[in-house]
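Asks: Just dropping this structure here.
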Amino acid sequence: MTIRVGVLGAGGRMGREVCRAVRAAEGLRLEVAVDPHNAGDTVEGVYVRSSHAELGPDDVDVMVDFTHPSAVYANVCDLLDAGIHVVVGTTGMTDEQLEDVSARADASSANAFVAPNFAIGAVLMMHVSQVIARYLPHVEITELHHDGKADAPSGTALRTADLIASAREDAPAPVMGEVIDGARGADRAGIRVHSVRLPGLVAHQEVLFGGEGQTLSIRHDSIDRSSFMPGVILAVRRVADAPGLTVGLEALLDL
Ligand code: NAP
């Protein structure tokens, strides 16, 4: 059976890449493109509409959201309430918003899948970091992104910090001593997170562990947005079979 797919944010950097990947994927059909600021254009031969308001399960099976932190929560609520499965790549939803999305998905015939990072290498970086943190609990995260990114820290950095915090048994005492506020980065679950924003970058992260007389660093670099596409396509294929809310691509992988 062909899965009819729609893309929210179809005119953006990620949205255009998703439209291309959906068109190229077997068993998937790009049916709908939504982007209020690119309405009237076409992306991959599909007319871009300004809103998803009129859409229902008769029109589309799965909507993929790569929009903006300020828009994603309302989009996801609308889609779940309309009975349309949703795959979310947009970062920046708060923990409270995710809790509400979970409750809405439970109450809906549609499911939600949210991943802060769809690149397999990034998922492995997070997985391995949890293992390392059990032996080297002193850790800091540096994430580096292009200067068009709207949120800091990145969703991947926040997720990595949460996973490490849940995996390590002892949280070392924080080392502060800031002469200028912010010099030690942000605090997420007791882990310092540093955000770099520069043109030329795509999406990168280093998790740096320190121990007695040694350091260990794990680094992932997305050098092209195509790195996210196999994960997005996998989630589109699987979201209908994952009841409620699922968070993280690792839920679909046998790690
Ligand atoms: P982008 O180039 O700014 O694209 C976002 C697009 O969505 C823009 O065309 C924007 O229009 C449009 N838009 C804004 N509000 C909308 C709404 N309510 N409905 C439909 N479209 C709307 O951003 P991007 O680089 O593609 O990134 C998008 C999101 O994906 C960010 O949150 C980023 O962090 C995240 N991301 C996630 C992953 C992952 O693996 N999970 C990977 C890369 C990026 P305007 O620009 O005119 O506002």
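Residues in the structure tokens are named by chain (A, B, ... in the order shown) and by number from 1 within that chain; ligands are numbered from 1 in the order shown.
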Please find the residues contacting ligand 1 at a distance of at most 9 Å between atoms, with only C-alpha atoms and all ligand atoms counted, and report them as an NGL selection string.
Replies: :A and (7-17 or 33-38 or 50-52 or 65-72 or 74-75 or 88-92 or 114-119 or 122 or 146 or 148-151 or 154-156 or 202-203 or 222 or 225 or 227-229 or 231-232)
Asks: Which residues come within 8 Å of A:Ala242, counting only C-alpha atoms, excluding same-chain residues fewer than 4 positions away, as a VMD selection string?
Replies: chain A and resid 111 238 246
Asks: Selected residues, C-alpha atoms, written as a CSV table (one decimal), in the first residue's frame, please.
Replies:
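result.csv, written as the output of this step:
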chain,number,residue,atom,x,y,z
A,111,ASN,CA,0.5,8.6,16.3
A,238,ARG,CA,6.8,3.0,10.9
A,246,THR,CA,7.6,7.7,20.3
Asks: Can you tell me how far atom CA of A:Asp224 sits from atom CA of A:Glu206, in Å to one decimal?
Replies: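 Atom CA of A:Glu206 lies at a distance of 17.2 Å from atom CA of A:Asp224.
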Asks: Would you list, as a PyMOL selection string, the residues of stretch 146-249 of chain A that end up in strand (DSSP E) under DSSP run on this structure's backbone?
Replies: chain A and resi 186-188+191-197+203-211+214-222+245-247
Asks: Show me, as number ranges by chain, the residues that have an atom within 10 Å of A:Asp78 when counting only C-alpha atoms, minus same-chain residues fewer than 4 positions from it.
Replies: A: 52-53, 55, 72-74, 82-84, 104
Asks: List the spatial neighbours of A:Asp100 as a list in words - criterion: any atom at most 12 Å away, only C-alpha atoms, same-chain residues fewer than 5 positions off excluded.
Replies: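 The residues that qualify are Tyr73, Ala74, Val76, Cys77, Leu80, Met93, Thr94, Asp95, Ala105, Asp106, Ala107, Ala112, Gly244 and Leu245 of chain A.
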